[in-house]
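Trainee: Got a file for you: run-v7.cif, mmCIF, C-alpha atoms.
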data_input
loop_
_atom_site.label_atom_id
_atom_site.label_comp_id
_atom_site.auth_asym_id
_atom_site.auth_seq_id
_atom_site.Cartn_x
_atom_site.Cartn_y
_atom_site.Cartn_z
CA MET A 1 110.62 84.90 27.92
CA LYS A 2 108.27 86.60 25.49
CA ILE A 3 109.29 90.00 26.80
CA THR A 4 112.94 89.15 26.18
CA ILE A 5 112.31 88.16 22.57
CA THR A 6 110.37 91.32 21.78
CA ARG A 7 113.03 93.42 23.40
CA GLU A 8 115.77 91.76 21.43
CA ILE A 9 113.92 92.31 18.16
CA ALA A 10 113.44 95.98 19.00
CA VAL A 11 117.05 96.36 20.03
CA SER A 12 118.36 94.74 16.86
CA LEU A 13 116.12 96.90 14.66
CA SER A 14 117.25 100.09 16.34
CA PHE A 15 120.82 98.86 16.23
CA LEU A 16 120.58 98.28 12.48
CA LEU A 17 119.03 101.69 11.86
CA PHE A 18 121.49 103.50 14.10
CA GLY A 19 124.50 101.65 12.72
CA ALA A 20 123.47 102.35 9.12
CA GLY A 21 122.91 106.01 9.95
CA VAL A 22 126.27 106.37 11.68
CA PHE A 23 128.08 104.59 8.88
CA TYR A 24 126.40 106.66 6.18
CA SER A 25 127.05 109.94 7.93
CA ILE A 26 130.68 109.05 8.53
CA TYR A 27 131.08 108.05 4.89
CA SER A 28 129.68 111.29 3.51
CA ILE A 29 131.71 113.75 5.60
CA GLU A 30 133.44 116.41 3.54
CA VAL A 31 136.48 118.15 4.94
CA VAL A 32 136.35 121.88 4.31
CA GLU A 33 139.57 123.81 3.97
CA GLY A 34 140.78 126.84 5.56
CA VAL A 35 140.78 128.17 9.07
CA ASN A 36 144.49 127.45 9.26
CA ALA A 37 145.36 130.68 7.49
CA LEU A 38 143.40 132.69 10.04
CA TYR A 39 144.99 130.79 12.90
CA THR A 40 148.53 131.23 11.70
CA GLN A 41 148.22 134.99 11.20
CA VAL A 42 149.04 135.53 14.87
CA MET A 43 151.66 133.03 15.87
CA ILE A 44 151.90 132.78 19.64
CA VAL A 45 153.43 129.42 20.39
CA PRO A 46 154.98 127.02 17.86
CA ASN A 47 152.79 124.09 18.86
CA PHE A 48 149.39 124.88 17.40
CA VAL A 49 147.55 122.17 19.28
CA THR A 50 148.66 123.76 22.54
CA ALA A 51 147.67 127.15 21.18
CA VAL A 52 144.18 125.88 20.42
CA LEU A 53 143.92 124.10 23.77
CA PHE A 54 145.08 126.86 26.07
CA ASP A 55 144.57 130.07 24.17
CA TRP A 56 141.71 129.94 21.69
CA ARG A 57 139.69 127.37 23.53
CA GLY A 58 140.92 127.82 27.08
CA PHE A 59 137.45 127.45 28.56
CA ASP A 60 137.24 123.94 27.13
CA THR A 61 140.35 122.93 29.01
CA LEU A 62 139.04 124.50 32.20
CA GLY A 63 135.80 122.53 31.89
CA GLU A 64 137.73 119.39 31.19
CA CYS A 65 139.78 119.89 34.36
CA LEU A 66 136.60 120.27 36.36
CA ILE A 67 135.20 117.11 34.75
CA LEU A 68 138.28 115.16 35.87
CA ILE A 69 137.96 116.54 39.42
CA THR A 70 134.25 115.59 39.45
CA SER A 71 135.12 112.09 38.30
CA VAL A 72 137.63 111.68 41.12
CA LEU A 73 135.05 112.97 43.63
CA VAL A 74 132.37 110.57 42.36
CA THR A 75 134.77 107.63 42.46
CA GLY A 76 135.63 108.49 46.04
CA MET A 77 131.96 108.79 46.94
CA VAL A 78 131.20 105.36 45.49
CA PHE A 79 133.89 103.94 47.77
CA GLY A 80 132.64 105.65 50.89
CA LYS A 81 134.47 108.97 51.07
CA GLY A 82 132.50 112.01 52.05
CA LEU A 83 129.56 112.74 54.26
CA PHE A 84 126.79 110.88 52.55
CA ASN A 85 124.99 107.71 53.50
CA TRP A 86 127.21 104.67 52.99
CA ASP A 87 125.11 102.09 54.77
CA PHE A 88 124.78 100.14 51.54
CA LEU A 89 128.54 99.64 51.55
CA ARG A 90 128.35 97.96 54.98
CA GLU A 91 125.86 95.53 53.51
CA VAL A 92 127.84 95.04 50.33
CA TYR A 93 131.26 94.53 51.92
CA ARG A 94 130.75 91.54 54.15
CA GLU A 95 133.11 90.38 56.86
CA GLU A 96 134.49 87.33 55.12
CA ASP A 97 135.77 89.23 52.13
CA GLY A 98 139.33 89.07 53.37
CA LYS A 99 142.07 91.61 53.02
CA ASP A 100 144.27 93.01 50.31
CA VAL A 101 146.80 90.49 49.09
CA ASP A 102 150.09 92.19 48.35
CA LEU A 103 152.15 89.44 46.83
CA GLY A 104 154.07 91.56 44.34
CA PHE A 105 155.70 90.26 41.21
CA THR A 106 158.76 88.19 40.42
CA PRO A 107 162.26 89.65 41.03
CA ILE A 108 162.68 90.36 37.31
CA ILE A 109 159.95 92.97 37.39
CA LYS A 110 160.94 94.22 40.84
CA VAL A 111 164.52 94.92 39.74
CA LEU A 112 163.40 96.80 36.65
CA ALA A 113 160.47 98.67 38.14
CA VAL A 114 162.25 101.36 40.18
CA PRO A 115 164.66 102.67 37.48
CA MET A 116 161.85 102.57 34.94
CA ALA A 117 159.61 104.52 37.31
CA VAL A 118 162.28 107.15 37.99
CA LEU A 119 163.06 107.66 34.30
CA LEU A 120 159.35 107.78 33.44
CA MET A 121 158.78 110.46 36.08
CA VAL A 122 161.62 112.60 34.74
CA LEU A 123 160.41 112.14 31.17
CA GLY A 124 156.93 113.14 32.28
CA VAL A 125 158.19 116.36 33.82
CA VAL A 126 160.12 117.18 30.63
CA VAL A 127 157.05 116.46 28.50
CA ILE A 128 154.94 118.74 30.71
CA LEU A 129 157.47 121.57 30.49
CA GLY A 130 158.06 121.28 26.75
CA GLY A 131 154.40 121.25 25.91
CA HIS A 132 154.38 124.60 24.16
CA ILE A 133 157.19 123.73 21.75
CA THR A 134 157.27 120.00 21.15
CA PRO A 135 154.43 117.47 21.00
CA GLY A 136 153.24 116.89 24.50
CA GLY A 137 151.71 118.92 27.25
CA GLY A 138 150.05 118.63 30.59
CA PHE A 139 147.83 115.65 29.92
CA GLN A 140 150.48 113.46 28.39
CA GLY A 141 153.12 114.28 30.98
CA GLY A 142 150.72 113.78 33.87
CA ALA A 143 149.66 110.45 32.45
CA LEU A 144 153.34 109.43 32.19
CA ILE A 145 154.05 110.24 35.87
CA SER A 146 150.87 108.45 36.89
CA ALA A 147 151.99 105.46 34.81
CA ALA A 148 155.26 105.42 36.75
CA TYR A 149 153.31 105.28 40.01
CA VAL A 150 151.05 102.51 38.70
CA LEU A 151 154.09 100.53 37.52
CA ALA A 152 155.71 100.68 40.95
CA MET A 153 152.43 99.80 42.65
CA VAL A 154 151.78 96.81 40.41
CA ALA A 155 155.31 95.49 40.84
CA PHE A 156 155.62 95.83 44.62
CA GLY A 157 152.06 95.78 45.90
CA ARG A 158 150.40 98.75 47.51
CA GLY A 159 151.84 98.30 50.98
CA ARG A 160 155.51 98.18 50.04
CA CYS A 161 155.38 100.53 47.08
CA PRO A 162 158.61 102.58 46.89
CA VAL A 163 156.82 105.54 45.30
CA ARG A 164 154.83 106.89 48.22
CA PHE A 165 152.14 109.19 46.89
CA THR A 166 149.97 109.50 49.96
CA HIS A 167 146.36 110.52 49.70
CA ARG A 168 147.03 113.87 51.35
CA PHE A 169 149.83 114.67 48.92
CA LEU A 170 147.66 113.81 45.92
CA GLU A 171 144.79 115.90 47.26
CA SER A 172 147.02 118.92 47.73
CA LEU A 173 148.52 118.49 44.26
CA GLU A 174 145.09 118.33 42.68
CA SER A 175 143.85 121.42 44.51
CA PHE A 176 147.05 123.26 43.66
CA GLY A 177 146.74 122.45 39.97
CA ALA A 178 143.13 123.55 39.69
CA LEU A 179 143.75 126.72 41.71
CA LEU A 180 146.80 127.59 39.61
CA PHE A 181 144.66 127.41 36.48
CA LEU A 182 141.88 129.56 37.95
CA ILE A 183 144.23 132.19 39.42
CA LEU A 184 146.21 132.54 36.19
CA GLY A 185 142.93 133.22 34.46
CA LEU A 186 142.23 135.94 37.02
CA ILE A 187 145.56 137.65 36.20
CA GLY A 188 144.42 138.00 32.60
CA MET A 189 141.12 139.41 33.82
CA ILE A 190 142.81 142.07 35.93
CA LEU A 191 145.29 143.19 33.28
CA SER A 192 143.13 143.08 30.15
CA GLY A 193 139.53 142.50 31.09
CA TYR A 194 139.15 139.02 29.62
CA TYR A 195 139.29 135.81 31.60
CA LEU A 196 142.16 133.49 30.63
CA PHE A 197 143.69 136.11 28.36
CA ASN A 198 147.25 135.31 27.36
CA ILE A 199 149.53 137.94 28.88
CA ARG A 200 152.89 138.07 27.11
CA GLU A 201 154.72 140.37 29.52
CA ILE A 202 154.18 142.62 32.52
CA TYR A 203 156.01 145.98 32.32
CA GLY A 204 158.55 144.62 29.88
CA ILE A 205 159.39 141.53 31.92
CA PRO A 206 158.40 138.33 30.06
CA LEU A 207 156.39 135.92 32.17
CA PHE A 208 158.20 132.82 30.97
CA PRO A 209 161.69 133.61 29.68
CA SER A 210 162.30 131.60 26.53
CA PRO A 211 164.87 131.80 23.74
CA PRO A 212 164.29 134.20 20.84
CA GLY A 213 162.65 132.88 17.72
CA ILE A 214 159.96 130.72 19.27
CA GLY A 215 157.63 133.54 20.19
CA ASP A 216 156.32 134.90 23.45
CA VAL A 217 154.68 132.04 25.22
CA GLY A 218 153.14 133.99 28.07
CA ILE A 219 151.23 132.02 30.68
CA ILE A 220 150.82 128.83 28.63
CA PRO A 221 153.67 126.86 30.35
CA TYR A 222 152.21 127.64 33.76
CA LEU A 223 148.80 126.45 32.60
CA ASN A 224 150.52 123.30 31.33
CA ILE A 225 152.12 122.74 34.74
CA GLY A 226 148.77 123.16 36.50
CA VAL A 227 146.99 120.76 34.19
CA GLY A 228 149.85 118.26 34.45
CA LEU A 229 149.81 118.23 38.25
CA LYS A 230 146.04 117.87 38.24
CA VAL A 231 146.01 114.98 35.78
CA LEU A 232 148.81 113.24 37.68
CA ALA A 233 146.92 113.54 40.96
CA GLY A 234 143.57 112.55 39.46
CA LEU A 235 144.74 109.41 37.68
CA SER A 236 146.82 108.28 40.69
CA THR A 237 143.90 108.80 43.06
CA ILE A 238 141.55 106.85 40.80
CA THR A 239 144.04 103.98 40.53
CA THR A 240 144.59 103.87 44.28
CA LEU A 241 140.86 103.80 44.91
CA LEU A 242 140.21 101.10 42.33
CA VAL A 243 143.05 98.82 43.37
CA SER A 244 142.60 98.73 47.10
CA HIS A 245 140.07 97.13 49.36
CA ARG A 246 141.53 98.47 52.58
CA ILE A 247 140.51 102.05 51.84
CA VAL A 248 136.85 101.10 51.68
CA SER A 249 137.13 99.13 54.91
CA LYS A 250 138.73 102.14 56.59
CA ASN A 251 136.09 104.46 55.21
CA ILE A 252 133.15 102.47 56.50
CA GLY A 253 134.73 101.96 59.89
CA ARG A 254 135.77 98.35 59.65
CA GLY A 255 139.46 98.64 59.22
CA MET B 1 171.47 132.66 29.59
CA ILE B 2 168.39 132.79 31.79
CA GLU B 3 166.25 132.15 28.72
CA TYR B 4 167.81 128.76 28.24
CA LEU B 5 167.99 127.81 31.91
CA PHE B 6 164.57 128.89 33.19
CA LEU B 7 162.73 125.77 31.99
CA PRO B 8 165.28 123.28 33.44
CA PHE B 9 165.11 125.19 36.72
CA ILE B 10 161.34 124.69 36.97
CA GLY B 11 161.96 121.07 36.03
CA MET B 12 164.39 120.81 38.94
CA ILE B 13 161.73 122.11 41.33
CA LEU B 14 159.12 119.62 40.09
CA GLY B 15 161.68 116.79 40.23
CA PHE B 16 162.54 117.79 43.80
CA ILE B 17 158.87 117.50 44.80
CA LEU B 18 158.57 114.08 43.14
CA GLY B 19 161.90 112.70 44.34
CA ARG B 20 161.02 113.44 47.93
CA ARG B 21 158.28 110.83 47.66
CA ILE B 22 160.50 107.91 46.61
CA SER B 23 161.18 106.03 49.81
CA ILE B 24 164.23 104.00 48.83
CA ARG B 25 167.69 105.48 48.42
CA LEU B 26 168.62 105.91 44.77
CA ASN B 27 172.19 105.20 43.68
CA LEU B 28 173.79 108.35 42.34
CA TRP B 29 176.48 106.60 40.26
CA PHE B 30 173.88 104.55 38.41
CA TYR B 31 171.40 107.28 37.58
CA LEU B 32 173.79 109.98 36.33
CA PRO B 33 175.28 107.96 33.41
CA VAL B 34 171.84 106.58 32.60
CA GLY B 35 170.51 110.14 32.58
CA VAL B 36 173.22 111.25 30.17
CA ILE B 37 172.57 108.28 27.86
CA VAL B 38 168.79 108.75 27.86
CA GLY B 39 169.20 112.48 27.35
CA TYR B 40 171.42 111.85 24.35
CA LEU B 41 168.92 109.40 22.91
CA LEU B 42 166.08 111.89 23.40
CA GLY B 43 167.91 114.50 21.41
CA PRO B 44 167.23 118.23 21.75
CA LEU B 45 163.86 117.83 23.41
CA PRO B 46 162.48 121.24 24.35
CA TYR B 47 164.93 123.61 22.63
CA TYR B 48 166.45 122.85 19.26
CA ASN B 49 170.03 123.98 19.74
CA PHE B 50 171.91 121.50 21.88
CA PRO B 51 172.53 117.84 20.99
CA LEU B 52 171.54 116.60 24.45
CA SER B 53 168.30 117.05 26.34
CA TYR B 54 169.71 119.05 29.22
CA SER B 55 166.23 119.62 30.66
CA PHE B 56 165.97 115.86 31.22
CA PHE B 57 169.37 115.85 32.92
CA PHE B 58 168.57 118.81 35.17
CA THR B 59 165.23 117.33 36.18
CA LEU B 60 166.96 114.07 37.05
CA ILE B 61 169.48 115.99 39.16
CA GLY B 62 166.60 117.70 40.95
CA LEU B 63 164.88 114.38 41.61
CA LEU B 64 168.11 112.86 42.98
CA LEU B 65 168.65 115.93 45.18
CA GLY B 66 165.16 115.63 46.58
CA ASN B 67 165.61 111.94 47.14
CA LEU B 68 169.04 112.08 48.78
CA THR B 69 168.39 115.02 51.10
CA VAL B 70 164.79 115.18 52.32
CA ARG B 71 163.54 111.68 51.54
CA GLU B 72 160.42 110.61 53.39
CA LYS B 73 160.84 107.41 55.34
CA GLY B 74 158.41 105.09 57.05
CA SER B 75 155.31 103.29 55.97
CA PRO B 76 152.39 105.05 54.29
CA MET C 1 142.69 103.50 -1.38
CA ASP C 2 142.61 106.96 0.05
CA LEU C 3 144.00 107.08 3.56
CA GLN C 4 141.26 109.36 4.84
CA LEU C 5 138.50 107.17 3.43
CA ALA C 6 140.15 104.10 4.95
CA SER C 7 140.24 105.87 8.31
CA PHE C 8 136.55 106.74 8.07
CA ILE C 9 135.62 103.16 7.21
CA THR C 10 137.70 101.86 10.11
CA ALA C 11 136.04 104.35 12.45
CA GLY C 12 132.60 103.28 11.26
CA ALA C 13 133.50 99.64 11.78
CA LEU C 14 134.73 100.42 15.29
CA VAL C 15 131.53 102.27 16.18
CA VAL C 16 129.32 99.48 14.83
CA LEU C 17 131.40 96.84 16.62
CA GLY C 18 131.12 98.76 19.87
CA LEU C 19 127.36 99.15 19.47
CA TYR C 20 127.03 95.41 18.86
CA GLY C 21 129.06 94.65 21.97
CA PHE C 22 127.16 97.15 24.06
CA PHE C 23 123.76 95.73 23.13
CA PHE C 24 124.34 92.01 22.88
CA VAL C 25 127.08 91.00 25.34
CA ASP C 26 125.96 89.94 28.77
CA ASN C 27 128.90 90.98 30.93
CA VAL C 28 129.12 94.44 32.48
CA ILE C 29 132.91 94.74 32.05
CA LYS C 30 132.58 93.79 28.40
CA LYS C 31 129.89 96.41 27.96
CA ILE C 32 132.31 98.99 29.38
CA ILE C 33 135.01 97.81 26.97
CA ALA C 34 132.50 98.20 24.12
CA LEU C 35 131.79 101.79 25.17
CA SER C 36 135.51 102.45 25.15
CA ILE C 37 135.72 101.04 21.60
CA ILE C 38 132.93 103.40 20.49
CA SER C 39 134.91 106.29 21.98
CA SER C 40 137.96 105.18 19.99
CA GLY C 41 135.92 105.20 16.81
CA VAL C 42 134.71 108.72 17.46
CA ASN C 43 138.26 109.90 18.16
CA LEU C 44 139.49 108.32 14.93
CA THR C 45 136.74 110.12 13.01
CA LEU C 46 137.74 113.47 14.47
CA VAL C 47 141.44 112.98 13.77
CA ALA C 48 140.78 111.79 10.22
CA MET C 49 138.67 114.89 9.58
CA GLY C 50 141.75 117.04 10.09
CA TYR C 51 144.01 114.97 7.89
CA ARG C 52 145.57 116.65 4.90
CA GLU C 53 147.39 114.93 2.07
CA GLY C 54 151.12 115.48 2.47
CA GLY C 55 150.69 118.13 5.14
CA TYR C 56 152.93 119.31 7.93
CA VAL C 57 152.60 118.44 11.59
CA PRO C 58 151.01 121.52 13.27
CA ILE C 59 154.24 122.63 14.93
CA TYR C 60 155.86 125.66 13.38
CA ILE C 61 159.39 125.05 12.13
CA PRO C 62 161.40 128.24 11.46
CA THR C 63 162.97 126.84 8.30
CA VAL C 64 159.65 126.71 6.46
CA GLU C 65 158.10 129.86 5.10
CA PHE C 66 155.04 131.01 6.99
CA GLN C 67 152.52 131.18 4.14
CA VAL C 68 153.51 127.76 2.79
CA PHE C 69 153.24 126.33 6.26
CA SER C 70 149.78 127.76 6.87
CA LYS C 71 148.54 126.33 3.57
CA HIS C 72 149.85 122.82 4.07
CA MET C 73 149.29 122.27 7.78
CA ALA C 74 147.00 119.63 9.24
CA TYR C 75 144.09 120.94 11.29
CA PRO C 76 145.00 121.52 14.93
CA LEU C 77 141.40 121.96 16.11
CA PRO C 78 140.20 118.31 15.83
CA GLN C 79 143.39 117.14 17.50
CA ALA C 80 142.71 119.44 20.45
CA LEU C 81 139.13 118.15 20.61
CA VAL C 82 140.41 114.57 20.65
CA LEU C 83 142.83 115.45 23.44
CA THR C 84 139.88 116.74 25.46
CA ASN C 85 137.79 113.71 24.58
CA ILE C 86 140.44 111.23 25.73
CA VAL C 87 140.58 112.69 29.23
CA ILE C 88 136.79 112.79 29.50
CA GLY C 89 136.66 109.16 28.34
CA ALA C 90 139.20 108.20 30.99
CA SER C 91 137.18 109.84 33.76
CA MET C 92 133.97 108.19 32.56
CA LEU C 93 135.76 104.84 32.47
CA ALA C 94 136.91 105.31 36.07
CA VAL C 95 133.39 106.02 37.32
CA MET C 96 131.95 103.05 35.40
CA LEU C 97 134.60 100.66 36.73
CA ALA C 98 134.04 101.82 40.31
CA LEU C 99 130.30 101.25 39.99
CA SER C 100 130.90 97.80 38.50
CA ILE C 101 133.09 96.87 41.49
CA VAL C 102 130.26 97.74 43.89
CA PHE C 103 127.89 95.85 41.58
CA TYR C 104 129.97 92.72 41.83
CA ARG C 105 130.24 93.02 45.59
CA LYS C 106 126.47 93.23 45.91
CA TYR C 107 125.28 90.60 43.45
CA ARG C 108 128.35 88.28 43.30
CA THR C 109 128.08 88.21 39.52
CA LEU C 110 128.48 90.53 36.57
CA LYS C 111 125.89 89.02 34.25
CA THR C 112 123.08 91.43 33.56
CA SER C 113 120.62 88.63 32.91
CA VAL C 114 121.18 87.31 36.42
CA ILE C 115 121.06 90.78 37.96
CA LEU C 116 117.80 91.66 36.22
CA LYS C 117 116.40 88.19 37.08
CA GLU C 118 115.65 87.12 33.53
CA ASP C 119 115.87 83.63 32.20
#
For this file, write the structure as structure tokens.

Mentor:
Amino acid sequence: MKITITREIAVSLSFLLFGAGVFYSIYSIEVVEGVNALYTQVMIVPNFVTAVLFDWRGFDTLGECLILITSVLVTGMVFGKGLFNWDFLREVYREEDGKDVDLGFTPIIKVLAVPMAVLLMVLGVVVILGGHITPGGGFQGGALISAAYVLAMVAFGRGRCPVRFTHRFLESLESFGALLFLILGLIGMILSGYYLFNIREIYGIPLFPSPPGIGDVGIIPYLNIGVGLKVLAGLSTITTLLVSHRIVSKNIGRG
Amino acid sequence: MIEYLFLPFIGMILGFILGRRISIRLNLWFYLPVGVIVGYLLGPLPYYNFPLSYSFFFTLIGLLLGNLTVREKGSP
Amino acid sequence: MDLQLASFITAGALVVLGLYGFFFVDNVIKKIIALSIISSGVNLTLVAMGYREGGYVPIYIPTVEFQVFSKHMAYPLPQALVLTNIVIGASMLAVMLALSIVFYRKYRTLKTSVILKED
């Protein structure tokens, strides 16, 4: 009991100090002006956020992709995928835990879920493809398609879900997205010497034919497609792993 | 012409891949008018020169093609 | 009140609220929600840093002249950083939720005071 009281006093003191420091530093931030002029000297794509994400700071996006893949791998490992020791899961998941209960929702949600899911998927694809012109991009579009999958799964239950993203399909999509990103970076390395360099055209043929007046977009739409597929696969895999009990039972050999 | 139709074509391919994974049969005569209406409400989404988002419409056509021809059946 | 200053104060309040929840609430899920609130505060700080009074959205419109546009555009760099941060926050959230599920399976409770055997 005494230990608890001392710890709480220490925690509240540090909390006060840290909170005051954070609040003060946030209050006294000054916004400097002016890298916009440098950025806009060379206009490549109309959407400047996409230009920063995929052209000026392309390595950041690559690292972020790898972080998402690592997160999916770690989530799978916690639930028994992979070749490591999962004896603790046998102890944790006892026999009497029961099975997944797939009751589904009321008919109101079931009637609306499939058209909503289809339209959300199509909107997600359009958002992925228009990422270099309009607000949007790979992350947002992938999250929209994943939201369509989650909507169908919540409405119908995992067993009778009409959108059948199997685990194998999601794995191949994720690998394809990451490999597309890496290989497109290699093309820039071969042609110019810099990894992830934005190639506008090869021998006069533009890489992504787009209407005149919005600039040469180069490889940025393909990078958007790769990131979108990867985010779609990652979020769907994480949701499937979190929602289901049967996968763990199958993994530890009790299914 | 290929400049305006390249992006919807890639959208059709992606929609084909996704529509193959929907296991129930989608009704063509419901989704085409809904696609036109939603495309009109979206406005000129990727390219600013046509009052209807034809990329949305083409992607929907690709998804319906994938669903109606090579749909995957059976339980997961 | 200035919009940017109001955003900073809101972000500071969010961070402090999240720190309070993270330190003083007993439930593991609520601790995870508090971490997510801290992440929202940090994102709001970054976005508010790039705010400009009466500026344009950073998407180039051909009807505006280029020099005027580059002077009055909001910063695209903090928005890109926030976009990165959101995805990283989502992946961290997934790992934490998975670990909390295994936690609940093992101990049959989510209270940290019970798990650490304190009274």

Trainee: If the PyMOL selection byres ((chain B and resi 5-13) around 10) is run on the structure shown, which residues does it catch, given as a ChimeraX atom specification?

Mentor: /A:122,125-126,128-130,208-211,221,225 /B:1-4,14-19,46-47,53-66

Trainee: Run the PyMOL selection byres ((chain C and resi 39-55) around 10) mentally over the shown coordinates, then write out the matched residues as a VMD selection string, using the chain letters and numbers from the document.

Mentor: (chain A and resid 26 29 to 33) or (chain C and resid 2 to 18 33 to 38 56 to 58 69 to 83 85 to 86 89)

Trainee: Kindly export the residues of the current selection with C-alpha atoms, as a compact mmCIF listing (two decimals), in the coordinates of the input.

Mentor:
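Below you can see selection22.txt, which holds the result:
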# COMPACT_ATOMS: atom_id res chain seq x y z
CA ILE A 26 130.68 109.05 8.53
CA ILE A 29 131.71 113.75 5.60
CA GLU A 30 133.44 116.41 3.54
CA VAL A 31 136.48 118.15 4.94
CA VAL A 32 136.35 121.88 4.31
CA GLU A 33 139.57 123.81 3.97
CA ASP C 2 142.61 106.96 0.05
CA LEU C 3 144.00 107.08 3.56
CA GLN C 4 141.26 109.36 4.84
CA LEU C 5 138.50 107.17 3.43
CA ALA C 6 140.15 104.10 4.95
CA SER C 7 140.24 105.87 8.31
CA PHE C 8 136.55 106.74 8.07
CA ILE C 9 135.62 103.16 7.21
CA THR C 10 137.70 101.86 10.11
CA ALA C 11 136.04 104.35 12.45
CA GLY C 12 132.60 103.28 11.26
CA ALA C 13 133.50 99.64 11.78
CA LEU C 14 134.73 100.42 15.29
CA VAL C 15 131.53 102.27 16.18
CA VAL C 16 129.32 99.48 14.83
CA LEU C 17 131.40 96.84 16.62
CA GLY C 18 131.12 98.76 19.87
CA ILE C 33 135.01 97.81 26.97
CA ALA C 34 132.50 98.20 24.12
CA LEU C 35 131.79 101.79 25.17
CA SER C 36 135.51 102.45 25.15
CA ILE C 37 135.72 101.04 21.60
CA ILE C 38 132.93 103.40 20.49
CA TYR C 56 152.93 119.31 7.93
CA VAL C 57 152.60 118.44 11.59
CA PRO C 58 151.01 121.52 13.27
CA PHE C 69 153.24 126.33 6.26
CA SER C 70 149.78 127.76 6.87
CA LYS C 71 148.54 126.33 3.57
CA HIS C 72 149.85 122.82 4.07
CA MET C 73 149.29 122.27 7.78
CA ALA C 74 147.00 119.63 9.24
CA TYR C 75 144.09 120.94 11.29
CA PRO C 76 145.00 121.52 14.93
CA LEU C 77 141.40 121.96 16.11
CA PRO C 78 140.20 118.31 15.83
CA GLN C 79 143.39 117.14 17.50
CA ALA C 80 142.71 119.44 20.45
CA LEU C 81 139.13 118.15 20.61
CA VAL C 82 140.41 114.57 20.65
CA LEU C 83 142.83 115.45 23.44
CA ASN C 85 137.79 113.71 24.58
CA ILE C 86 140.44 111.23 25.73
CA GLY C 89 136.66 109.16 28.34

Trainee: Excluding segment 144-161 of chain A and residues on its chain fewer than 2 positions from it, collect all residues at most 6 Å away from it, counting all atoms listed in the file, and give them as a PyMOL selection string.

Mentor: chain A and resi 102+104-105+110+113+117+120-121+124+141-142+163+232+236

Trainee: Given all atoms listed in the file as the basis, pick out the residue of C:Lys117, C:Ala90, C:Ile59, C:Val64 nearest to chain A.

Mentor: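 Among C:Lys117, C:Ala90, C:Ile59, C:Val64, it is C:Ile59 that comes nearest to chain A.
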
Trainee: From the options A:Thr239, A:Leu112, A:Gly58, A:Ile199, which residue's atoms come nearest to Val95 of chain C, counting all atoms listed in the file?

Mentor: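 Looking only at the distances to Val95 of chain C, the closest residue turns out to be A:Thr239.
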
Trainee: Using Å and a single decimal, report how far atom CA of Leu93 of chain C sits from atom CA of Leu110 of chain C.

Mentor: 16.6 Å
